[in-house]
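Undergrad: As input, take query23.pdb (PDB, C-alpha atoms, pLDDT in the B column):
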```
ATOM      1  CA  MET C   1       4.701  14.793 -29.973  1.00 66.00           C
ATOM      2  CA  THR C   2       5.441  16.321 -26.569  1.00 80.00           C
ATOM      3  CA  ARG C   3       7.106  19.392 -25.099  1.00 94.00           C
ATOM      4  CA  TYR C   4       9.441  17.159 -23.085  1.00 95.00           C
ATOM      5  CA  PRO C   5      11.841  14.640 -24.577  1.00 93.00           C
ATOM      6  CA  MET C   6      10.727  11.060 -24.202  1.00 94.00           C
ATOM      7  CA  PRO C   7      13.306   8.609 -22.874  1.00 95.00           C
ATOM      8  CA  GLU C   8      14.469   5.692 -24.936  1.00 95.00           C
ATOM      9  CA  LEU C   9      12.908   2.366 -23.980  1.00 95.00           C
ATOM     10  CA  LYS C  10      16.388   0.860 -23.527  1.00 96.00           C
ATOM     11  CA  ASP C  11      17.257   3.475 -20.900  1.00 96.00           C
ATOM     12  CA  LEU C  12      14.289   2.785 -18.613  1.00 97.00           C
ATOM     13  CA  PRO C  13      14.338   0.707 -15.417  1.00 98.00           C
ATOM     14  CA  GLU C  14      13.619  -2.975 -16.061  1.00 98.00           C
ATOM     15  CA  ASP C  15      10.134  -3.003 -14.459  1.00 98.00           C
ATOM     16  CA  MET C  16       8.996  -0.093 -16.612  1.00 98.00           C
ATOM     17  CA  ARG C  17      10.556  -1.487 -19.769  1.00 98.00           C
ATOM     18  CA  GLN C  18       8.872  -4.851 -19.156  1.00 98.00           C
ATOM     19  CA  ARG C  19       5.443  -3.247 -18.681  1.00 98.00           C
ATOM     20  CA  ILE C  20       5.825  -1.155 -21.832  1.00 98.00           C
ATOM     21  CA  LEU C  21       6.915  -4.185 -23.860  1.00 98.00           C
ATOM     22  CA  GLU C  22       3.836  -6.098 -22.623  1.00 98.00           C
ATOM     23  CA  VAL C  23       1.599  -3.243 -23.782  1.00 97.00           C
ATOM     24  CA  GLN C  24       3.415  -3.144 -27.118  1.00 97.00           C
ATOM     25  CA  GLU C  25       2.968  -6.896 -27.560  1.00 97.00           C
ATOM     26  CA  LYS C  26      -0.751  -6.665 -26.870  1.00 95.00           C
ATOM     27  CA  SER C  27      -1.560  -3.533 -28.869  1.00 94.00           C
ATOM     28  CA  GLY C  28       1.097  -3.617 -31.570  1.00 95.00           C
ATOM     29  CA  PHE C  29       2.541  -0.215 -30.593  1.00 97.00           C
ATOM     30  CA  VAL C  30       3.680   1.775 -27.559  1.00 97.00           C
ATOM     31  CA  PRO C  31       1.063   4.363 -26.552  1.00 97.00           C
ATOM     32  CA  ASN C  32       2.811   7.722 -26.201  1.00 97.00           C
ATOM     33  CA  VAL C  33       1.641   8.174 -22.610  1.00 97.00           C
ATOM     34  CA  PHE C  34       3.919   5.347 -21.468  1.00 97.00           C
ATOM     35  CA  LEU C  35       7.066   7.033 -22.726  1.00 97.00           C
ATOM     36  CA  ALA C  36       5.978  10.630 -22.114  1.00 96.00           C
ATOM     37  CA  LEU C  37       5.492   9.977 -18.391  1.00 97.00           C
ATOM     38  CA  ALA C  38       8.511   7.664 -18.098  1.00 97.00           C
ATOM     39  CA  ARG C  39      10.879  10.620 -17.686  1.00 96.00           C
ATOM     40  CA  ARG C  40       9.990  10.483 -13.983  1.00 97.00           C
ATOM     41  CA  PRO C  41       9.998   6.813 -12.943  1.00 98.00           C
ATOM     42  CA  ALA C  42       8.507   7.210  -9.439  1.00 98.00           C
ATOM     43  CA  GLU C  43       5.602   9.245 -10.806  1.00 98.00           C
ATOM     44  CA  TRP C  44       5.179   6.804 -13.730  1.00 98.00           C
ATOM     45  CA  ARG C  45       4.882   3.874 -11.323  1.00 98.00           C
ATOM     46  CA  ALA C  46       2.388   5.717  -9.109  1.00 98.00           C
ATOM     47  CA  PHE C  47       0.341   6.869 -12.111  1.00 98.00           C
ATOM     48  CA  PHE C  48       0.032   3.419 -13.649  1.00 98.00           C
ATOM     49  CA  ALA C  49      -0.579   1.720 -10.302  1.00 98.00           C
ATOM     50  CA  TYR C  50      -3.565   3.998  -9.679  1.00 98.00           C
ATOM     51  CA  HIS C  51      -4.680   3.674 -13.304  1.00 98.00           C
ATOM     52  CA  ASP C  52      -4.685  -0.105 -12.996  1.00 98.00           C
ATOM     53  CA  ALA C  53      -6.444  -0.044  -9.613  1.00 97.00           C
ATOM     54  CA  LEU C  54      -9.284   1.957 -11.169  1.00 98.00           C
ATOM     55  CA  MET C  55      -9.488   0.631 -14.697  1.00 98.00           C
ATOM     56  CA  LEU C  56      -8.592  -3.046 -14.332  1.00 96.00           C
ATOM     57  CA  LYS C  57     -10.364  -3.919 -11.109  1.00 94.00           C
ATOM     58  CA  GLU C  58     -12.624  -6.943 -11.140  1.00 91.00           C
ATOM     59  CA  THR C  59     -15.087  -5.812  -8.458  1.00 93.00           C
ATOM     60  CA  GLY C  60     -18.037  -3.454  -8.725  1.00 94.00           C
ATOM     61  CA  SER C  61     -20.732  -3.207 -11.347  1.00 96.00           C
ATOM     62  CA  LEU C  62     -18.947  -0.928 -13.817  1.00 98.00           C
ATOM     63  CA  THR C  63     -17.973  -2.685 -17.031  1.00 97.00           C
ATOM     64  CA  LYS C  64     -14.685  -1.940 -18.784  1.00 97.00           C
ATOM     65  CA  GLY C  65     -16.693  -0.147 -21.462  1.00 97.00           C
ATOM     66  CA  GLU C  66     -18.459   2.015 -18.894  1.00 98.00           C
ATOM     67  CA  ARG C  67     -15.127   2.940 -17.336  1.00 98.00           C
ATOM     68  CA  GLU C  68     -13.901   4.025 -20.761  1.00 98.00           C
ATOM     69  CA  MET C  69     -17.120   5.998 -21.328  1.00 98.00           C
ATOM     70  CA  ILE C  70     -16.361   7.988 -18.189  1.00 98.00           C
ATOM     71  CA  VAL C  71     -12.830   8.695 -19.394  1.00 98.00           C
ATOM     72  CA  THR C  72     -13.954   9.663 -22.907  1.00 98.00           C
ATOM     73  CA  ALA C  73     -16.803  11.964 -21.831  1.00 98.00           C
ATOM     74  CA  THR C  74     -14.894  13.761 -19.086  1.00 98.00           C
ATOM     75  CA  SER C  75     -11.735  14.018 -21.189  1.00 98.00           C
ATOM     76  CA  ALA C  76     -13.807  15.709 -23.887  1.00 98.00           C
ATOM     77  CA  ALA C  77     -15.134  18.158 -21.290  1.00 98.00           C
ATOM     78  CA  ASN C  78     -11.502  18.829 -20.317  1.00 98.00           C
ATOM     79  CA  GLN C  79     -10.567  19.175 -24.020  1.00 98.00           C
ATOM     80  CA  CYS C  80      -7.854  16.538 -23.801  1.00 98.00           C
ATOM     81  CA  LEU C  81      -7.114  15.343 -27.319  1.00 98.00           C
ATOM     82  CA  TYR C  82      -4.844  12.491 -26.209  1.00 98.00           C
ATOM     83  CA  CYS C  83      -7.317  10.906 -23.798  1.00 98.00           C
ATOM     84  CA  VAL C  84     -10.392  11.363 -26.015  1.00 98.00           C
ATOM     85  CA  VAL C  85      -8.656   9.676 -28.944  1.00 98.00           C
ATOM     86  CA  ALA C  86      -6.871   6.942 -26.962  1.00 98.00           C
ATOM     87  CA  HIS C  87      -9.713   6.034 -24.606  1.00 98.00           C
ATOM     88  CA  GLY C  88     -12.304   6.521 -27.327  1.00 98.00           C
ATOM     89  CA  ALA C  89     -10.471   3.790 -29.242  1.00 97.00           C
ATOM     90  CA  ILE C  90     -10.553   1.476 -26.235  1.00 97.00           C
ATOM     91  CA  LEU C  91     -14.239   2.307 -25.721  1.00 97.00           C
ATOM     92  CA  ARG C  92     -15.057   1.323 -29.309  1.00 96.00           C
ATOM     93  CA  ILE C  93     -13.342  -2.013 -28.770  1.00 95.00           C
ATOM     94  CA  TYR C  94     -15.000  -2.815 -25.438  1.00 96.00           C
ATOM     95  CA  GLU C  95     -18.480  -1.762 -26.529  1.00 95.00           C
ATOM     96  CA  LYS C  96     -18.135  -3.193 -30.043  1.00 93.00           C
ATOM     97  CA  LYS C  97     -19.866  -0.077 -31.372  1.00 90.00           C
ATOM     98  CA  PRO C  98     -17.686   1.977 -33.729  1.00 88.00           C
ATOM     99  CA  LEU C  99     -19.792   5.141 -33.335  1.00 93.00           C
ATOM    100  CA  VAL C 100     -20.276   5.221 -29.571  1.00 94.00           C
ATOM    101  CA  ALA C 101     -16.961   6.859 -28.669  1.00 95.00           C
ATOM    102  CA  ASP C 102     -17.543   9.774 -31.020  1.00 96.00           C
ATOM    103  CA  GLN C 103     -21.084  10.176 -29.719  1.00 98.00           C
ATOM    104  CA  VAL C 104     -19.955  10.077 -26.078  1.00 98.00           C
ATOM    105  CA  ALA C 105     -17.140  12.540 -26.738  1.00 97.00           C
ATOM    106  CA  VAL C 106     -19.329  15.053 -28.558  1.00 97.00           C
ATOM    107  CA  ASN C 107     -22.615  14.764 -26.635  1.00 98.00           C
ATOM    108  CA  TYR C 108     -23.194  11.727 -24.445  1.00 98.00           C
ATOM    109  CA  ARG C 109     -26.820  12.818 -23.914  1.00 97.00           C
ATOM    110  CA  LYS C 110     -27.525  11.921 -27.554  1.00 97.00           C
ATOM    111  CA  ALA C 111     -25.292   8.849 -27.661  1.00 97.00           C
ATOM    112  CA  ASP C 112     -26.535   5.321 -28.232  1.00 96.00           C
ATOM    113  CA  ILE C 113     -26.102   4.328 -24.575  1.00 97.00           C
ATOM    114  CA  THR C 114     -28.404   2.945 -21.889  1.00 98.00           C
ATOM    115  CA  PRO C 115     -30.266   5.070 -19.314  1.00 98.00           C
ATOM    116  CA  ARG C 116     -27.913   3.570 -16.690  1.00 98.00           C
ATOM    117  CA  GLN C 117     -24.880   4.777 -18.625  1.00 98.00           C
ATOM    118  CA  ARG C 118     -26.442   8.208 -19.140  1.00 98.00           C
ATOM    119  CA  ALA C 119     -27.032   8.543 -15.377  1.00 98.00           C
ATOM    120  CA  MET C 120     -23.435   7.444 -14.756  1.00 98.00           C
ATOM    121  CA  LEU C 121     -22.111  10.057 -17.178  1.00 98.00           C
ATOM    122  CA  ASP C 122     -24.377  12.764 -15.737  1.00 98.00           C
ATOM    123  CA  PHE C 123     -22.737  12.123 -12.372  1.00 98.00           C
ATOM    124  CA  ALA C 124     -19.215  11.887 -13.840  1.00 98.00           C
ATOM    125  CA  MET C 125     -19.667  15.195 -15.644  1.00 98.00           C
ATOM    126  CA  LYS C 126     -20.847  16.852 -12.444  1.00 98.00           C
ATOM    127  CA  VAL C 127     -17.759  15.526 -10.650  1.00 98.00           C
ATOM    128  CA  CYS C 128     -15.636  16.761 -13.566  1.00 98.00           C
ATOM    129  CA  LEU C 129     -17.087  20.248 -13.835  1.00 98.00           C
ATOM    130  CA  ARG C 130     -18.823  21.024 -10.533  1.00 98.00           C
ATOM    131  CA  SER C 131     -17.655  18.576  -7.870  1.00 98.00           C
ATOM    132  CA  HIS C 132     -18.304  21.167  -5.172  1.00 98.00           C
ATOM    133  CA  GLU C 133     -22.032  20.809  -5.931  1.00 98.00           C
ATOM    134  CA  ILE C 134     -22.244  17.032  -5.344  1.00 98.00           C
ATOM    135  CA  ALA C 135     -24.998  16.270  -2.826  1.00 98.00           C
ATOM    136  CA  ASP C 136     -26.844  13.255  -1.441  1.00 98.00           C
ATOM    137  CA  ALA C 137     -29.423  13.643  -4.210  1.00 98.00           C
ATOM    138  CA  ASP C 138     -26.724  12.834  -6.765  1.00 98.00           C
ATOM    139  CA  PHE C 139     -26.098   9.503  -5.034  1.00 98.00           C
ATOM    140  CA  ALA C 140     -29.835   8.822  -4.771  1.00 98.00           C
ATOM    141  CA  ALA C 141     -30.221   9.348  -8.530  1.00 98.00           C
ATOM    142  CA  LEU C 142     -27.700   6.583  -9.235  1.00 98.00           C
ATOM    143  CA  HIS C 143     -29.010   3.902  -6.870  1.00 98.00           C
ATOM    144  CA  PRO C 144     -32.092   2.985  -8.986  1.00 98.00           C
ATOM    145  CA  HIS C 145     -29.707   2.260 -11.883  1.00 98.00           C
ATOM    146  CA  GLY C 146     -27.929  -0.428  -9.852  1.00 97.00           C
ATOM    147  CA  PHE C 147     -24.962   1.627  -8.670  1.00 98.00           C
ATOM    148  CA  ASP C 148     -24.017   1.193  -5.030  1.00 98.00           C
ATOM    149  CA  ASP C 149     -21.887   3.667  -3.091  1.00 98.00           C
ATOM    150  CA  GLU C 150     -18.670   1.829  -4.029  1.00 98.00           C
ATOM    151  CA  ASP C 151     -19.577   2.074  -7.722  1.00 98.00           C
ATOM    152  CA  ILE C 152     -20.237   5.779  -7.228  1.00 98.00           C
ATOM    153  CA  TRP C 153     -16.787   6.119  -5.649  1.00 98.00           C
ATOM    154  CA  ASP C 154     -15.337   4.404  -8.733  1.00 98.00           C
ATOM    155  CA  ILE C 155     -17.132   6.817 -11.080  1.00 98.00           C
ATOM    156  CA  ALA C 156     -15.791   9.796  -9.137  1.00 98.00           C
ATOM    157  CA  ALA C 157     -12.274   8.358  -8.770  1.00 98.00           C
ATOM    158  CA  ILE C 158     -11.995   7.583 -12.504  1.00 98.00           C
ATOM    159  CA  THR C 159     -13.212  11.082 -13.304  1.00 98.00           C
ATOM    160  CA  ALA C 160     -10.747  12.685 -10.880  1.00 98.00           C
ATOM    161  CA  PHE C 161      -7.783  10.546 -11.941  1.00 98.00           C
ATOM    162  CA  PHE C 162      -8.344  11.322 -15.589  1.00 98.00           C
ATOM    163  CA  GLY C 163      -8.682  15.010 -14.730  1.00 98.00           C
ATOM    164  CA  LEU C 164      -5.043  14.720 -13.668  1.00 98.00           C
ATOM    165  CA  SER C 165      -4.172  12.694 -16.756  1.00 98.00           C
ATOM    166  CA  ASN C 166      -5.947  15.198 -19.036  1.00 98.00           C
ATOM    167  CA  ARG C 167      -4.004  18.091 -17.605  1.00 98.00           C
ATOM    168  CA  MET C 168      -0.660  16.276 -17.840  1.00 97.00           C
ATOM    169  CA  ALA C 169      -1.328  15.324 -21.463  1.00 98.00           C
ATOM    170  CA  SER C 170      -2.520  18.800 -22.416  1.00 97.00           C
ATOM    171  CA  PHE C 171       0.207  20.891 -20.799  1.00 97.00           C
ATOM    172  CA  SER C 172       2.946  18.603 -22.129  1.00 97.00           C
ATOM    173  CA  ASP C 173       1.420  18.577 -25.643  1.00 97.00           C
ATOM    174  CA  MET C 174       1.178  14.781 -25.672  1.00 97.00           C
ATOM    175  CA  MET C 175      -0.293  13.663 -28.979  1.00 97.00           C
ATOM    176  CA  PRO C 176      -2.220  10.443 -29.593  1.00 97.00           C
ATOM    177  CA  ASN C 177      -0.540   7.717 -31.584  1.00 96.00           C
ATOM    178  CA  ALA C 178      -1.857   7.444 -35.144  1.00 95.00           C
ATOM    179  CA  GLU C 179      -2.869   3.825 -34.422  1.00 95.00           C
ATOM    180  CA  PHE C 180      -5.574   4.949 -31.982  1.00 96.00           C
ATOM    181  CA  TYR C 181      -7.606   6.678 -34.686  1.00 95.00           C
ATOM    182  CA  LEU C 182      -8.490   3.444 -36.486  1.00 92.00           C
ATOM    183  CA  MET C 183      -8.778   1.091 -33.506  1.00 93.00           C
ATOM    184  CA  GLY C 184     -12.275  -0.313 -33.202  1.00 92.00           C
ATOM    185  CA  ARG C 185     -13.284   1.224 -36.538  1.00 88.00           C
ATOM    186  CA  VAL C 186     -11.341  -1.026 -38.909  1.00 73.00           C
ATOM    187  CA  PRO C 187     -10.763  -4.748 -38.355  1.00 69.00           C
ATOM    188  CA  ARG C 188      -7.314  -5.428 -36.922  1.00 66.00           C
ATOM    189  CA  GLU C 189      -4.870  -7.127 -39.275  1.00 67.00           C
ATOM    190  CA  LYS C 190      -4.054 -10.698 -38.372  1.00 66.00           C
ATOM    191  CA  LYS C 191      -0.379 -11.458 -37.709  1.00 59.00           C
TER     192      LYS C 191
END
```
As a first step, turn the structure in this file into C-alpha cells.
TA:
Amino acid sequence: MTRYPMPELKDLPEDMRQRILEVQEKSGFVPNVFLALARRPAEWRAFFAYHDALMLKETGSLTKGEREMIVTATSAANQCLYCVVAHGAILRIYEKKPLVADQVAVNYRKADITPRQRAMLDFAMKVCLRSHEIADADFAALHPHGFDDEDIWDIAAITAFFGLSNRMASFSDMMPNAEFYLMGRVPREKK
C-alpha cells in the first residue's frame, strides 16, 4: 500500500483523527492519502489546509467538477495512479458522467467536455508540463471562455499543488483504495 508505515487512527492527534473520521463517515472508507501523510502531522495539516483552500473554495467560476478535471488530467500526465483513480472517482460523481474521468485521464482533447473545459485543461497541462513557457497569450486564450485572472490563478495553483501530491503519492507507492474504482460507476448502496 505504501513504502512507509501508516499510523493507526487511534494514535493520531485529535484534530487529525476527527477530520479522518468525518471523511470516513461521508465516503464510507478512509482514503489512503489521509493515513499515508499522517506520519508527519505538521505536513499533513499544511497539505490538507492548502487542498481545502483550492478545492473547496466557494468563489471563482470553476466548478467542483472542473477542479477535479484539472487534477485528473494533470495527474495522468504525471503518471500518478493514486490521484488519477481517486480524483477520477470524484470527477465522475461531480459531473454525473461515468465515462468522463477515463476520457479526461487518457486524452482530454477527445473527452466529452465543453470548449471552456478544454481551454482550461490546455492551460493546466501547459502549467503541468511547460510552466516556463506560460505567456500573456495563454491568459488571453482563457478570457473569452469566462475565466478571469483569479480563475487562471486557481487553475495553475491546483495544477501545481497536485504536482506535489502526485510526486508524494508516486515515490511513497501510495495505492488507491479499492472503493475508488467503482465510485460514480455503480450506484452507491443505501445504508
Undergrad: Hey, can you pull every residue with an atom no more than 8 Å from (5.2, 9.7, -24.3), using all atoms listed in the file, and send it as an mmCIF file with C-alpha atoms, in the coordinates of the input?
TA:
```
data_model
loop_
_atom_site.group_PDB
_atom_site.id
_atom_site.type_symbol
_atom_site.label_atom_id
_atom_site.label_comp_id
_atom_site.auth_asym_id
_atom_site.auth_seq_id
_atom_site.Cartn_x
_atom_site.Cartn_y
_atom_site.Cartn_z
ATOM 1 C CA MET C 1 4.701 14.793 -29.973
ATOM 2 C CA THR C 2 5.441 16.321 -26.569
ATOM 3 C CA MET C 6 10.727 11.060 -24.202
ATOM 4 C CA PRO C 31 1.063 4.363 -26.552
ATOM 5 C CA ASN C 32 2.811 7.722 -26.201
ATOM 6 C CA VAL C 33 1.641 8.174 -22.610
ATOM 7 C CA PHE C 34 3.919 5.347 -21.468
ATOM 8 C CA LEU C 35 7.066 7.033 -22.726
ATOM 9 C CA ALA C 36 5.978 10.630 -22.114
ATOM 10 C CA LEU C 37 5.492 9.977 -18.391
ATOM 11 C CA ALA C 38 8.511 7.664 -18.098
ATOM 12 C CA MET C 174 1.178 14.781 -25.672
#
```
Undergrad: For the structure shown, which residues end up in the PyMOL selection byres ((chain C and resi 41-56) around 7)? Put them as number ranges by chain, please?
TA: C: 37-40, 57-58, 67, 154, 158
Undergrad: State, in Å with one decimal place, the distance from CA of Met125 in chain C to CA of Phe171 in chain C.
TA: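 Separation of CA of Met125 in chain C and CA of Phe171 in chain C: 21.3 Å.
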Undergrad: Between C:Val23, C:Val186, C:Ala135, C:Val30, which one has atoms that come closest to Leu99 in chain C, using all atoms listed in the file?
TA: C:Val186
Undergrad: Quick one, how far is CA of Ser131 in chain C from CA of Ala160 in chain C?
TA: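 Value for the CA of Ser131 in chain C-CA of Ala160 in chain C distance: 9.6 Å.
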Undergrad: Can you measure CA of Gly65 in chain C to CA of Arg17 in chain C for me? One decimal in Å is fine.
TA: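 CA of Arg17 in chain C lies at a distance of 27.3 Å from CA of Gly65 in chain C.
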Undergrad: Might you spell out which residues the PyMOL selection byres ((chain C and resi 92) around 10) would select in the displayed file, as number ranges by chain?
TA: C: 65, 68-69, 87-91, 93-102, 182-185
Undergrad: Please provide the set of residues having any atom within 9 Å of Val106 in chain C, restricted to all atoms listed in the file, with same-chain residues fewer than 6 positions apart removed, written as JSON, numbers by chain.
TA: {"C": [73, 76, 77]}
Undergrad: Which one of C:Ile20, C:Tyr82, C:Lys64, C:Ile70 sits closest to Ala178 in chain C if you count all atoms listed in the file?
TA: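 So, comparing all the options, the nearest one is C:Tyr82.
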Undergrad: Can you patch up range 129-163 of chain C, filling it in to N, CA and C atoms, and show the result as a PDB file, in the frame of the given file?
TA:
```pdb
ATOM      1  N   LEU C 129     -16.918  18.806 -13.634  1.00 98.00           N
ATOM      2  CA  LEU C 129     -17.087  20.248 -13.835  1.00 98.00           C
ATOM      3  C   LEU C 129     -17.549  21.022 -12.611  1.00 98.00           C
ATOM      4  N   ARG C 130     -18.244  20.311 -11.682  1.00 98.00           N
ATOM      5  CA  ARG C 130     -18.823  21.024 -10.533  1.00 98.00           C
ATOM      6  C   ARG C 130     -18.836  20.129  -9.301  1.00 98.00           C
ATOM      7  N   SER C 131     -17.697  19.534  -8.976  1.00 98.00           N
ATOM      8  CA  SER C 131     -17.655  18.576  -7.870  1.00 98.00           C
ATOM      9  C   SER C 131     -18.083  19.196  -6.541  1.00 98.00           C
ATOM     10  N   HIS C 132     -17.914  20.482  -6.412  1.00 98.00           N
ATOM     11  CA  HIS C 132     -18.304  21.167  -5.172  1.00 98.00           C
ATOM     12  C   HIS C 132     -19.823  21.176  -4.977  1.00 98.00           C
ATOM     13  N   GLU C 133     -20.571  20.840  -6.023  1.00 98.00           N
ATOM     14  CA  GLU C 133     -22.032  20.809  -5.931  1.00 98.00           C
ATOM     15  C   GLU C 133     -22.599  19.416  -5.655  1.00 98.00           C
ATOM     16  N   ILE C 134     -21.756  18.396  -5.581  1.00 98.00           N
ATOM     17  CA  ILE C 134     -22.244  17.032  -5.344  1.00 98.00           C
ATOM     18  C   ILE C 134     -22.969  16.981  -4.005  1.00 98.00           C
ATOM     19  N   ALA C 135     -24.162  16.369  -4.024  1.00 98.00           N
ATOM     20  CA  ALA C 135     -24.998  16.270  -2.826  1.00 98.00           C
ATOM     21  C   ALA C 135     -25.580  14.858  -2.741  1.00 98.00           C
ATOM     22  N   ASP C 136     -26.229  14.578  -1.640  1.00 98.00           N
ATOM     23  CA  ASP C 136     -26.844  13.255  -1.441  1.00 98.00           C
ATOM     24  C   ASP C 136     -27.809  12.901  -2.566  1.00 98.00           C
ATOM     25  N   ALA C 137     -28.476  13.894  -3.121  1.00 98.00           N
ATOM     26  CA  ALA C 137     -29.423  13.643  -4.210  1.00 98.00           C
ATOM     27  C   ALA C 137     -28.726  13.048  -5.431  1.00 98.00           C
ATOM     28  N   ASP C 138     -27.468  13.393  -5.636  1.00 98.00           N
ATOM     29  CA  ASP C 138     -26.724  12.834  -6.765  1.00 98.00           C
ATOM     30  C   ASP C 138     -26.486  11.336  -6.578  1.00 98.00           C
ATOM     31  N   PHE C 139     -26.242  10.934  -5.344  1.00 98.00           N
ATOM     32  CA  PHE C 139     -26.098   9.503  -5.034  1.00 98.00           C
ATOM     33  C   PHE C 139     -27.447   8.801  -5.213  1.00 98.00           C
ATOM     34  N   ALA C 140     -28.496   9.408  -4.700  1.00 98.00           N
ATOM     35  CA  ALA C 140     -29.835   8.822  -4.771  1.00 98.00           C
ATOM     36  C   ALA C 140     -30.265   8.611  -6.222  1.00 98.00           C
ATOM     37  N   ALA C 141     -29.855   9.482  -7.122  1.00 98.00           N
ATOM     38  CA  ALA C 141     -30.221   9.348  -8.530  1.00 98.00           C
ATOM     39  C   ALA C 141     -29.540   8.147  -9.189  1.00 98.00           C
ATOM     40  N   LEU C 142     -28.423   7.708  -8.649  1.00 98.00           N
ATOM     41  CA  LEU C 142     -27.700   6.583  -9.235  1.00 98.00           C
ATOM     42  C   LEU C 142     -28.150   5.226  -8.700  1.00 98.00           C
ATOM     43  N   HIS C 143     -28.629   5.184  -7.479  1.00 98.00           N
ATOM     44  CA  HIS C 143     -29.010   3.902  -6.870  1.00 98.00           C
ATOM     45  C   HIS C 143     -30.056   3.130  -7.674  1.00 98.00           C
ATOM     46  N   PRO C 144     -31.116   3.756  -8.207  1.00 98.00           N
ATOM     47  CA  PRO C 144     -32.092   2.985  -8.986  1.00 98.00           C
ATOM     48  C   PRO C 144     -31.522   2.352 -10.263  1.00 98.00           C
ATOM     49  N   HIS C 145     -30.353   2.809 -10.688  1.00 98.00           N
ATOM     50  CA  HIS C 145     -29.707   2.260 -11.883  1.00 98.00           C
ATOM     51  C   HIS C 145     -28.757   1.115 -11.532  1.00 98.00           C
ATOM     52  N   GLY C 146     -28.753   0.699 -10.260  1.00 97.00           N
ATOM     53  CA  GLY C 146     -27.929  -0.428  -9.852  1.00 97.00           C
ATOM     54  C   GLY C 146     -26.543  -0.065  -9.362  1.00 97.00           C
ATOM     55  N   PHE C 147     -26.258   1.210  -9.195  1.00 98.00           N
ATOM     56  CA  PHE C 147     -24.962   1.627  -8.670  1.00 98.00           C
ATOM     57  C   PHE C 147     -25.031   1.691  -7.152  1.00 98.00           C
ATOM     58  N   ASP C 148     -24.087   1.035  -6.482  1.00 98.00           N
ATOM     59  CA  ASP C 148     -24.017   1.193  -5.030  1.00 98.00           C
ATOM     60  C   ASP C 148     -22.982   2.278  -4.726  1.00 98.00           C
ATOM     61  N   ASP C 149     -22.786   2.568  -3.452  1.00 98.00           N
ATOM     62  CA  ASP C 149     -21.887   3.667  -3.091  1.00 98.00           C
ATOM     63  C   ASP C 149     -20.437   3.402  -3.504  1.00 98.00           C
ATOM     64  N   GLU C 150     -20.028   2.145  -3.563  1.00 98.00           N
ATOM     65  CA  GLU C 150     -18.670   1.829  -4.029  1.00 98.00           C
ATOM     66  C   GLU C 150     -18.542   2.078  -5.529  1.00 98.00           C
ATOM     67  N   ASP C 151     -19.584   1.761  -6.292  1.00 98.00           N
ATOM     68  CA  ASP C 151     -19.577   2.074  -7.722  1.00 98.00           C
ATOM     69  C   ASP C 151     -19.509   3.584  -7.935  1.00 98.00           C
ATOM     70  N   ILE C 152     -20.234   4.316  -7.120  1.00 98.00           N
ATOM     71  CA  ILE C 152     -20.237   5.779  -7.228  1.00 98.00           C
ATOM     72  C   ILE C 152     -18.845   6.322  -6.919  1.00 98.00           C
ATOM     73  N   TRP C 153     -18.176   5.743  -5.939  1.00 98.00           N
ATOM     74  CA  TRP C 153     -16.787   6.119  -5.649  1.00 98.00           C
ATOM     75  C   TRP C 153     -15.929   5.886  -6.892  1.00 98.00           C
ATOM     76  N   ASP C 154     -16.116   4.721  -7.533  1.00 98.00           N
ATOM     77  CA  ASP C 154     -15.337   4.404  -8.733  1.00 98.00           C
ATOM     78  C   ASP C 154     -15.575   5.440  -9.833  1.00 98.00           C
ATOM     79  N   ILE C 155     -16.821   5.810 -10.057  1.00 98.00           N
ATOM     80  CA  ILE C 155     -17.132   6.817 -11.080  1.00 98.00           C
ATOM     81  C   ILE C 155     -16.386   8.115 -10.776  1.00 98.00           C
ATOM     82  N   ALA C 156     -16.461   8.547  -9.533  1.00 98.00           N
ATOM     83  CA  ALA C 156     -15.791   9.796  -9.137  1.00 98.00           C
ATOM     84  C   ALA C 156     -14.272   9.667  -9.215  1.00 98.00           C
ATOM     85  N   ALA C 157     -13.731   8.545  -8.766  1.00 98.00           N
ATOM     86  CA  ALA C 157     -12.274   8.358  -8.770  1.00 98.00           C
ATOM     87  C   ALA C 157     -11.728   8.313 -10.196  1.00 98.00           C
ATOM     88  N   ILE C 158     -12.422   7.622 -11.100  1.00 98.00           N
ATOM     89  CA  ILE C 158     -11.995   7.583 -12.504  1.00 98.00           C
ATOM     90  C   ILE C 158     -12.025   8.989 -13.087  1.00 98.00           C
ATOM     91  N   THR C 159     -13.092   9.707 -12.810  1.00 98.00           N
ATOM     92  CA  THR C 159     -13.212  11.082 -13.304  1.00 98.00           C
ATOM     93  C   THR C 159     -12.065  11.949 -12.782  1.00 98.00           C
ATOM     94  N   ALA C 160     -11.797  11.859 -11.489  1.00 98.00           N
ATOM     95  CA  ALA C 160     -10.747  12.685 -10.880  1.00 98.00           C
ATOM     96  C   ALA C 160      -9.361  12.291 -11.389  1.00 98.00           C
ATOM     97  N   PHE C 161      -9.089  10.997 -11.461  1.00 98.00           N
ATOM     98  CA  PHE C 161      -7.783  10.546 -11.941  1.00 98.00           C
ATOM     99  C   PHE C 161      -7.534  11.028 -13.363  1.00 98.00           C
ATOM    100  N   PHE C 162      -8.543  10.898 -14.213  1.00 98.00           N
ATOM    101  CA  PHE C 162      -8.344  11.322 -15.589  1.00 98.00           C
ATOM    102  C   PHE C 162      -8.353  12.837 -15.733  1.00 98.00           C
ATOM    103  N   GLY C 163      -8.878  13.564 -14.751  1.00 98.00           N
ATOM    104  CA  GLY C 163      -8.682  15.010 -14.730  1.00 98.00           C
ATOM    105  C   GLY C 163      -7.201  15.328 -14.628  1.00 98.00           C
TER     106      GLY C 163
END
```
